[in-house]
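Peer 1: Dropping in my_file-v2.csv, which is CSV, C-alpha atoms:
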chain,number,residue,atom,x,y,z
A,1,MET,CA,36.7,14.0,10.3
A,2,LYS,CA,36.2,16.6,7.6
A,3,PHE,CA,35.4,13.8,5.1
A,4,GLN,CA,32.8,12.3,7.5
A,5,LYS,CA,31.1,15.7,7.9
A,6,GLY,CA,31.1,16.2,4.2
A,7,LEU,CA,29.6,12.8,3.6
A,8,LEU,CA,26.9,13.5,6.2
A,9,MET,CA,26.1,16.9,4.5
A,10,LEU,CA,25.9,15.2,1.1
A,11,LEU,CA,23.5,12.5,2.5
A,12,ALA,CA,21.3,15.2,4.1
A,13,MET,CA,21.1,17.1,0.8
A,14,LEU,CA,20.2,13.9,-1.1
A,15,ALA,CA,17.5,13.2,1.4
A,16,ALA,CA,16.1,16.7,1.1
A,17,LEU,CA,16.1,16.4,-2.7
A,18,GLY,CA,14.2,13.2,-2.4
A,19,SER,CA,11.6,14.8,-0.3
A,20,VAL,CA,11.2,17.7,-2.7
A,21,SER,CA,11.0,15.3,-5.7
A,22,ALA,CA,8.1,13.4,-4.0
A,23,LEU,CA,6.2,16.6,-3.6
A,24,GLU,CA,6.8,18.1,-7.1
A,25,VAL,CA,3.0,18.7,-7.2
A,26,SER,CA,0.3,19.0,-4.7
A,27,VAL,CA,-2.7,16.6,-4.7
A,28,ASP,CA,-5.0,19.3,-6.0
A,29,GLN,CA,-2.6,20.1,-8.8
A,30,LEU,CA,-2.2,16.5,-9.7
A,31,LEU,CA,-6.0,15.9,-9.8
A,32,GLN,CA,-6.4,18.9,-12.0
A,33,MET,CA,-3.7,17.6,-14.3
A,34,MET,CA,-5.5,14.2,-14.4
A,35,GLU,CA,-8.7,15.9,-15.4
A,36,ASN,CA,-7.0,17.9,-18.1
A,37,SER,CA,-5.4,14.7,-19.5
A,38,ASP,CA,-8.7,12.9,-19.4
A,39,GLU,CA,-10.3,15.5,-21.6
A,40,ASN,CA,-7.8,14.7,-24.4
A,41,LEU,CA,-8.2,10.9,-24.1
A,42,THR,CA,-9.3,9.1,-27.3
A,43,THR,CA,-9.0,5.3,-26.5
A,44,TYR,CA,-7.9,3.0,-23.7
A,45,THR,CA,-8.2,-0.6,-22.5
A,46,TYR,CA,-8.4,-1.9,-18.9
A,47,THR,CA,-8.3,-5.1,-16.9
A,48,ARG,CA,-9.8,-5.6,-13.5
A,49,THR,CA,-9.7,-8.2,-10.8
A,50,ALA,CA,-12.2,-8.1,-7.9
A,51,GLU,CA,-12.5,-10.5,-5.0
A,52,SER,CA,-15.5,-10.6,-2.7
A,53,ARG,CA,-15.9,-12.6,0.5
A,54,MET,CA,-18.8,-12.7,2.8
A,55,LEU,CA,-19.3,-14.5,6.1
A,56,PHE,CA,-22.8,-15.1,7.4
A,57,SER,CA,-23.6,-16.2,10.9
A,58,ASN,CA,-26.4,-16.4,13.5
A,59,GLU,CA,-27.0,-18.6,16.5
A,60,SER,CA,-27.5,-21.8,14.3
A,61,LEU,CA,-25.2,-21.5,11.3
A,62,HIS,CA,-22.0,-20.1,9.7
A,63,GLU,CA,-21.7,-19.9,5.9
A,64,GLU,CA,-19.3,-18.3,3.5
A,65,PHE,CA,-19.6,-16.8,0.0
A,66,ASP,CA,-16.3,-16.4,-1.9
A,67,ALA,CA,-16.0,-15.2,-5.5
A,68,VAL,CA,-13.6,-13.6,-7.9
A,69,LYS,CA,-14.5,-11.5,-11.0
A,70,THR,CA,-12.2,-10.7,-13.8
A,71,THR,CA,-13.0,-8.1,-16.4
A,72,GLU,CA,-11.4,-6.7,-19.6
A,73,GLY,CA,-12.6,-3.7,-21.5
A,74,LYS,CA,-12.0,-1.5,-24.5
A,75,VAL,CA,-13.2,2.1,-25.0
A,76,ASP,CA,-13.2,4.3,-28.1
A,77,ILE,CA,-14.3,7.7,-27.1
A,78,VAL,CA,-14.0,9.2,-30.5
A,79,ASP,CA,-16.2,6.7,-32.3
A,80,GLN,CA,-18.4,6.2,-29.2
A,81,GLU,CA,-17.9,2.5,-28.9
A,82,GLY,CA,-17.2,0.2,-26.0
A,83,TRP,CA,-16.8,-3.4,-25.0
A,84,TRP,CA,-16.3,-5.4,-21.8
A,85,GLY,CA,-16.1,-9.1,-21.1
A,86,ALA,CA,-16.3,-10.5,-17.6
A,87,LYS,CA,-16.1,-13.9,-15.8
A,88,LEU,CA,-17.2,-14.5,-12.3
A,89,THR,CA,-16.1,-17.6,-10.5
A,90,ASP,CA,-18.0,-18.8,-7.4
A,91,ARG,CA,-15.1,-20.4,-5.5
A,92,MET,CA,-17.4,-22.3,-3.2
A,93,ASN,CA,-18.9,-24.5,-6.0
A,94,GLN,CA,-16.4,-23.7,-8.8
A,95,GLU,CA,-19.2,-22.4,-11.1
A,96,ASP,CA,-18.3,-19.7,-13.7
A,97,LEU,CA,-20.6,-17.0,-15.1
A,98,THR,CA,-19.6,-15.2,-18.3
A,99,TRP,CA,-21.0,-11.9,-19.6
A,100,GLU,CA,-20.1,-9.5,-22.4
A,101,GLY,CA,-21.3,-6.0,-23.3
A,102,TYR,CA,-21.0,-4.2,-26.6
A,103,PHE,CA,-22.0,-0.6,-27.4
A,104,LEU,CA,-21.7,-0.1,-31.2
A,105,ASN,CA,-23.5,2.3,-33.6
A,106,GLY,CA,-25.8,3.6,-30.8
A,107,SER,CA,-27.0,0.1,-29.9
A,108,GLU,CA,-26.1,-2.1,-26.9
A,109,TYR,CA,-25.8,-5.9,-26.9
A,110,TRP,CA,-25.2,-8.2,-23.9
A,111,LYS,CA,-24.2,-11.8,-24.1
A,112,GLU,CA,-25.2,-13.8,-21.0
A,113,GLY,CA,-23.7,-17.3,-21.2
A,114,LEU,CA,-24.7,-18.2,-24.8
A,115,ASN,CA,-27.7,-15.9,-25.1
A,116,TRP,CA,-27.6,-12.5,-26.8
A,117,THR,CA,-29.8,-9.5,-26.1
A,118,LYS,CA,-30.2,-6.2,-27.9
A,119,PHE,CA,-31.4,-3.3,-25.8
A,120,MET,CA,-33.7,-0.5,-26.9
A,121,ILE,CA,-31.7,2.6,-26.0
A,122,GLU,CA,-33.1,6.1,-25.4
A,123,ASP,CA,-30.1,7.7,-23.6
A,124,LYS,CA,-27.2,6.8,-25.8
A,125,ALA,CA,-24.9,9.3,-24.1
A,126,GLY,CA,-25.7,7.8,-20.8
A,127,ILE,CA,-24.9,4.3,-22.0
A,128,MET,CA,-21.5,5.5,-23.4
A,129,ASP,CA,-20.8,7.0,-20.0
A,130,ASP,CA,-21.2,3.6,-18.5
A,131,TYR,CA,-18.7,2.1,-20.9
A,132,ASN,CA,-16.3,5.0,-20.6
A,133,GLU,CA,-15.6,4.6,-16.9
A,134,PHE,CA,-12.4,6.6,-16.8
A,135,PRO,CA,-13.8,10.0,-16.0
A,136,GLY,CA,-15.8,8.5,-13.1
A,137,GLN,CA,-12.6,7.0,-11.6
A,138,VAL,CA,-10.9,10.4,-11.8
A,139,ASP,CA,-14.0,11.9,-10.1
A,140,LEU,CA,-13.8,9.2,-7.4
A,141,LEU,CA,-10.3,10.5,-6.6
A,142,ARG,CA,-11.3,14.1,-6.7
A,143,TYR,CA,-14.1,13.5,-4.2
A,144,SER,CA,-11.8,11.6,-1.8
A,145,ASP,CA,-9.3,12.7,0.8
A,146,MET,CA,-6.1,11.7,-1.0
A,147,SER,CA,-2.4,12.2,-0.2
A,148,ILE,CA,0.7,11.7,-2.3
A,149,VAL,CA,2.8,9.1,-0.4
A,150,GLY,CA,5.7,8.7,-2.9
A,151,GLN,CA,6.6,7.5,-6.3
A,152,GLU,CA,6.7,4.0,-7.8
A,153,ILE,CA,7.1,2.2,-11.1
A,154,CYS,CA,3.7,1.0,-12.2
A,155,GLU,CA,3.1,-0.8,-15.5
A,156,GLY,CA,6.5,0.3,-16.6
A,157,GLU,CA,6.0,4.0,-15.9
A,158,GLU,CA,7.2,6.2,-13.1
A,159,CYS,CA,4.1,7.2,-11.2
A,160,TYR,CA,2.9,9.2,-8.2
A,161,LYS,CA,1.3,6.9,-5.6
A,162,LEU,CA,-1.7,8.3,-3.8
A,163,THR,CA,-3.7,6.8,-0.9
A,164,GLY,CA,-6.8,8.0,0.8
A,165,THR,CA,-10.5,7.5,1.6
A,166,PRO,CA,-13.7,8.6,-0.1
A,167,GLN,CA,-15.6,11.5,1.2
A,168,GLY,CA,-19.0,11.1,2.9
A,169,PRO,CA,-21.5,10.7,0.0
A,170,ILE,CA,-19.1,8.5,-2.0
A,171,ALA,CA,-18.4,6.4,1.0
A,172,GLU,CA,-22.1,6.0,1.7
A,173,GLY,CA,-22.6,4.8,-1.9
A,174,ILE,CA,-19.9,2.1,-1.6
A,175,ILE,CA,-21.3,1.0,1.7
A,176,GLY,CA,-24.8,0.9,0.3
A,177,LEU,CA,-23.7,-1.3,-2.6
A,178,GLN,CA,-22.0,-3.7,-0.2
A,179,LEU,CA,-25.2,-3.8,1.9
A,180,VAL,CA,-27.4,-4.6,-1.1
A,181,ALA,CA,-24.8,-7.2,-2.3
A,182,SER,CA,-24.9,-9.0,1.1
A,183,TYR,CA,-28.7,-9.3,0.9
A,184,PHE,CA,-28.8,-11.8,-2.0
A,185,PRO,CA,-26.4,-14.6,-1.0
A,186,ALA,CA,-27.6,-14.6,2.7
A,187,PRO,CA,-28.5,-18.2,3.8
A,188,PHE,CA,-31.2,-16.8,6.2
A,189,PRO,CA,-33.9,-14.2,6.0
A,190,LEU,CA,-32.7,-10.6,6.4
A,191,PRO,CA,-34.7,-7.6,7.4
A,192,GLU,CA,-36.2,-5.6,4.6
A,193,GLU,CA,-34.5,-2.5,5.9
A,194,LEU,CA,-31.2,-3.9,4.7
A,195,LYS,CA,-32.3,-4.3,1.1
A,196,SER,CA,-34.2,-1.0,0.9
A,197,ARG,CA,-31.7,0.9,3.0
A,198,SER,CA,-34.7,2.6,4.7
A,199,PHE,CA,-32.7,3.2,7.9
A,200,ASP,CA,-30.8,6.5,8.5
A,201,MET,CA,-27.2,5.7,7.9
A,202,ASP,CA,-26.0,8.7,10.0
A,203,GLU,CA,-27.8,7.2,13.0
A,204,THR,CA,-26.1,3.8,12.7
A,205,GLU,CA,-22.7,2.4,13.6
A,206,LEU,CA,-21.9,1.5,10.0
A,207,TYR,CA,-19.1,4.0,9.5
A,208,ASN,CA,-17.4,2.8,12.6
A,209,ASN,CA,-17.6,-0.8,11.4
A,210,SER,CA,-16.5,-0.2,7.8
A,211,ARG,CA,-13.3,0.6,6.0
A,212,ILE,CA,-12.7,1.9,2.5
A,213,GLU,CA,-9.2,2.5,1.3
A,214,LEU,CA,-8.1,3.8,-2.2
A,215,THR,CA,-4.7,3.5,-3.7
A,216,ALA,CA,-3.9,5.1,-7.1
A,217,TRP,CA,-0.9,5.3,-9.4
A,218,VAL,CA,-0.8,8.3,-11.7
A,219,SER,CA,1.8,8.6,-14.5
A,220,LYS,CA,4.3,11.4,-14.0
A,221,ASN,CA,4.7,11.8,-17.7
A,222,SER,CA,1.1,11.9,-18.9
A,223,SER,CA,-0.9,12.5,-15.7
A,224,LEU,CA,-3.2,9.6,-16.6
A,225,LEU,CA,-4.5,7.2,-14.0
A,226,LYS,CA,-2.6,3.9,-14.5
A,227,ARG,CA,-4.0,1.8,-11.7
A,228,LEU,CA,-6.7,2.1,-9.0
A,229,ASP,CA,-7.2,-0.3,-6.0
A,230,ILE,CA,-10.3,-0.2,-3.9
A,231,ASN,CA,-10.2,-2.2,-0.6
A,232,ALA,CA,-13.4,-2.2,1.5
A,233,SER,CA,-14.7,-4.1,4.5
A,234,LEU,CA,-17.9,-4.0,6.3
A,235,ALA,CA,-19.5,-5.6,9.4
A,236,VAL,CA,-23.3,-5.6,9.7
A,237,SER,CA,-25.6,-6.7,12.5
A,238,PRO,CA,-29.0,-5.6,13.9
A,239,GLU,CA,-27.2,-3.6,16.6
A,240,ILE,CA,-25.0,-1.8,14.1
A,241,LEU,CA,-28.0,-1.0,11.9
A,242,GLY,CA,-30.1,0.0,14.9
A,243,ILE,CA,-33.0,-2.4,14.1
A,244,THR,CA,-34.7,-5.0,16.2
A,245,GLY,CA,-36.2,-8.4,15.7
A,246,SER,CA,-33.3,-10.1,13.9
A,247,ASP,CA,-30.3,-12.2,14.7
A,248,PHE,CA,-27.4,-12.1,12.2
A,249,MET,CA,-23.9,-11.0,11.5
A,250,ILE,CA,-22.4,-10.3,8.1
A,251,GLU,CA,-18.7,-9.6,7.5
A,252,SER,CA,-18.0,-8.5,4.0
A,253,THR,CA,-14.7,-7.7,2.2
A,254,LEU,CA,-14.1,-6.4,-1.4
A,255,ASN,CA,-10.7,-6.0,-2.9
A,256,GLU,CA,-10.6,-4.6,-6.5
A,257,SER,CA,-7.7,-3.6,-8.7
A,258,THR,CA,-8.0,-2.0,-12.1
A,259,VAL,CA,-5.1,-1.3,-14.6
A,260,TYR,CA,-5.6,1.2,-17.4
A,261,GLN,CA,-3.4,1.0,-20.5
A,262,ASP,CA,-3.1,1.4,-24.3
A,263,PHE,CA,-4.0,5.1,-24.1
A,264,GLY,CA,-4.5,6.5,-27.7
A,265,SER,CA,-3.8,3.1,-29.3
A,266,ASP,CA,-5.9,1.6,-32.1
A,267,VAL,CA,-8.9,-0.1,-30.5
A,268,ILE,CA,-11.0,-2.6,-32.6
A,269,ILE,CA,-14.5,-3.4,-31.3
A,270,GLU,CA,-16.5,-5.8,-33.5
A,271,LEU,CA,-19.8,-7.5,-32.7
A,272,PRO,CA,-19.6,-11.3,-33.1
A,273,LYS,CA,-21.8,-12.8,-35.9
A,274,ASP,CA,-23.7,-14.9,-33.4
A,275,ALA,CA,-25.0,-11.6,-31.9
A,276,GLN,CA,-27.6,-11.6,-34.7
A,277,ASN,CA,-29.4,-14.4,-32.8
A,278,GLU,CA,-30.5,-11.8,-30.3
A,279,SER,CA,-33.6,-12.4,-28.2
A,280,ILE,CA,-35.6,-10.8,-25.4
A,281,ARG,CA,-33.4,-10.5,-22.3
A,282,ALA,CA,-33.6,-13.6,-20.1
A,283,GLU,CA,-35.6,-12.8,-16.9
A,284,GLY,CA,-33.6,-12.7,-13.7
A,285,THR,CA,-29.9,-12.3,-13.2
A,286,ASP,CA,-27.8,-14.6,-11.1
A,287,TRP,CA,-27.5,-13.0,-7.7
A,288,ARG,CA,-23.8,-13.6,-7.5
A,289,TRP,CA,-23.2,-10.7,-9.9
A,290,ALA,CA,-24.7,-8.5,-7.1
A,291,ALA,CA,-21.8,-9.4,-4.9
A,292,PHE,CA,-19.8,-6.7,-6.8
A,293,GLY,CA,-22.5,-4.1,-6.6
A,294,SER,CA,-23.7,-4.2,-10.2
A,295,VAL,CA,-23.9,-6.5,-13.2
A,296,ARG,CA,-21.9,-3.9,-15.1
A,297,PRO,CA,-18.1,-4.0,-14.9
Would you mind writing the file's structure down as structure tokens?
Peer 2:
Amino acid sequence: MKFQKGLLMLLAMLAALGSVSALEVSVDQLLQMMENSDENLTTYTYTRTAESRMLFSNESLHEEFDAVKTTEGKVDIVDQEGWWGAKLTDRMNQEDLTWEGYFLNGSEYWKEGLNWTKFMIEDKAGIMDDYNEFPGQVDLLRYSDMSIVGQEICEGEECYKLTGTPQGPIAEGIIGLQLVASYFPAPFPLPEELKSRSFDMDETELYNNSRIELTAWVSKNSSLLKRLDINASLAVSPEILGITGSDFMIESTLNESTVYQDFGSDVIIELPKDAQNESIRAEGTDWRWAAFGSVRP
């Protein structure tokens, strides 16, 4: 009997220690540690997979858009250089679109398919901020209601696992991007209010018909963000938007996962020789890139 009581006490103590270990830091402390680590960051790489699916329907038809976008990137904060390469596959017709972006020596180059474009840049710091997305991802977590739900091994490191949802303005931005994205592939005319977002979002049922979930893994050792998942869904109809004169339903889902790695490692970013064949940027961008909110990664 004494042995059983002792065993129960030992198990209780281990359980208590496990709870304390999972709460070694508060969310606010961890986010501050992440921001401090970010300030000392020199280089990193990342990979991202994003899947977008949209269902369009009205009284006469039902159509689907289904695509996956994969992205790789390198960032050298010290030398102010960046690169990303992306491929979007339209699963409905098995078409691929490929893009690359380079920021070197204060100039930006894009490769769309086989065509190169050099951009005239006035705000070089702003362009570098686009390529160096890491601080923005940390800010996304800072302006979200996050909770530490445990610890897991992620990319070979012991990490804190956080889950939560974005706060009002950030959530509105994500919802707005999904709305604009749904406008382009629609097989039937949609009201202009949807594209221009001229309606008052607070007076609609969008929030009640949308879901945005964030999951993050933060290294216990370095306090750097190792992985961030964004899962969002949205349902849109004239009734939800509070507009009249239209008949449609759009159901949209976006699942995105980004892994950050190679912090502080040597990063080589070189512009290919064929980039010298640059030309004026081709007019128009394939609307399928808009399914992910932006032509940028």
Peer 1: Would you mind listing what lies within 6 Å of Trp83 in chain A as a list in words, with all atoms listed in the file counted and same-chain residues fewer than 5 positions away left out?
Peer 2: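 Those residues are Gly73, Lys74, Gly101 and Tyr102 of chain A.
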Peer 1: One decimal, Å: what's the distance from CA of Ser265 in chain A over to CA of Leu41 in chain A, could you say?
Peer 2: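 Between CA of Ser265 in chain A and CA of Leu41 in chain A the gap is 10.4 Å.
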Peer 1: So what do you get for CA of Thr47 in chain A versus CA of Val75 in chain A, distance-wise?
Peer 2: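 Straight-line distance from CA of Thr47 in chain A to CA of Val75 in chain A works out to 11.9 Å.
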Peer 1: For a quick check of your reading of the model, name the residues lying within 12 Å of the coordinate (2.5, 13.3, -19.8), counting all atoms listed in the file, and write them as a list in words.
Peer 2: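 Within 12 Å of (2.5, 13.3, -19.8), the protein and nucleic acid residues are Leu30, Met33, Met34, Asn36, Ser37, Asp38, Asn40, Leu41, Glu157, Glu158, Cys159, Val218, Ser219, Lys220, Asn221, Ser222, Ser223, Leu224, Leu225, Lys226 and Phe263 of chain A.
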Peer 1: Calculated over all atoms listed in the file, which of the candidates A:Ala186, A:Leu228, A:Ile127, A:Met120 has the smallest distance to Thr163 in chain A?
Peer 2: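 Under the stated criterion, the closest residue is A:Leu228.
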Peer 1: Calculated over only C-alpha atoms, which of the candidates A:Ile174, A:Ala50, A:Leu206, A:Ala181 has the smallest distance to Thr258 in chain A?
Peer 2: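 Between A:Ile174, A:Ala50, A:Leu206, A:Ala181, the residue approaching Thr258 in chain A most closely is A:Ala50.
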Peer 1: CA of Trp84 in chain A and CA of Thr43 in chain A, how far apart in Å?
Peer 2: 13.8 Å
Peer 1: Return the single residue from A:Pro166, A:Gly85, A:Gly242, A:Pro187 that is closest to Arg211 in chain A, with distances computed using only C-alpha atoms.
Peer 2: A:Pro166
Peer 1: Please determine, counting all atoms listed in the file, which residue among A:Ala232, A:Leu190, A:Ile170, A:Ala275 has the shortest atom-to-atom distance to Phe56 in chain A.
Peer 2: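 Residue with the minimum atom-to-atom distance to Phe56 in chain A: A:Leu190.
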Peer 1: Name the closest residue to Thr215 in chain A among the candidates A:Ser144, A:Ser107, A:Gln261, A:Thr244; distances are taken between atoms, counting all atoms listed in the file.
Peer 2: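 Once distances to Thr215 in chain A are computed over all atoms listed in the file, the minimum belongs to A:Ser144.
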Peer 1: Rank A:Leu194, A:Tyr160, A:Met249, A:Met146 by their smallest atom-to-atom distance to Glu213 in chain A, using all atoms listed in the file, and report the top residue only.
Peer 2: A:Met146
Peer 1: Find the residues near Ser147 in chain A: any atom within 8 Å, counting all atoms listed in the file, skip ones fewer than 5 places away on the same chain, and give them as a list of chain:residue names.
Peer 2: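 Once the adjacent positions are removed, what remains is A:Val27, A:Leu162, A:Thr163, A:Gly164.
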Peer 1: Need to verify the contact set: Leu104 in chain A, 8 Å, all atoms listed in the file, exclusion of same-chain residues closer than 3 positions in sequence. Can you return it as a PyMOL selection string?
Peer 2: chain A and resi 80-82+107-108+269+271
Peer 1: If we draw a sphere of 8 Å around (-26.1, 4.2, -26.6), which residues have at least one atom in it when counting only C-alpha atoms? Please report them as a VMD selection string.
Peer 2: chain A and resid 103 to 108 121 to 128
Peer 1: Write out as a list in words the residues lying within 6 Å of Arg227 in chain A, counting only C-alpha atoms and excluding same-chain residues fewer than 6 positions away.
Peer 2: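 Near Arg227 in chain A, the qualifying residues are Ala216, Trp217, Thr258, Val259 and Tyr260 of chain A.
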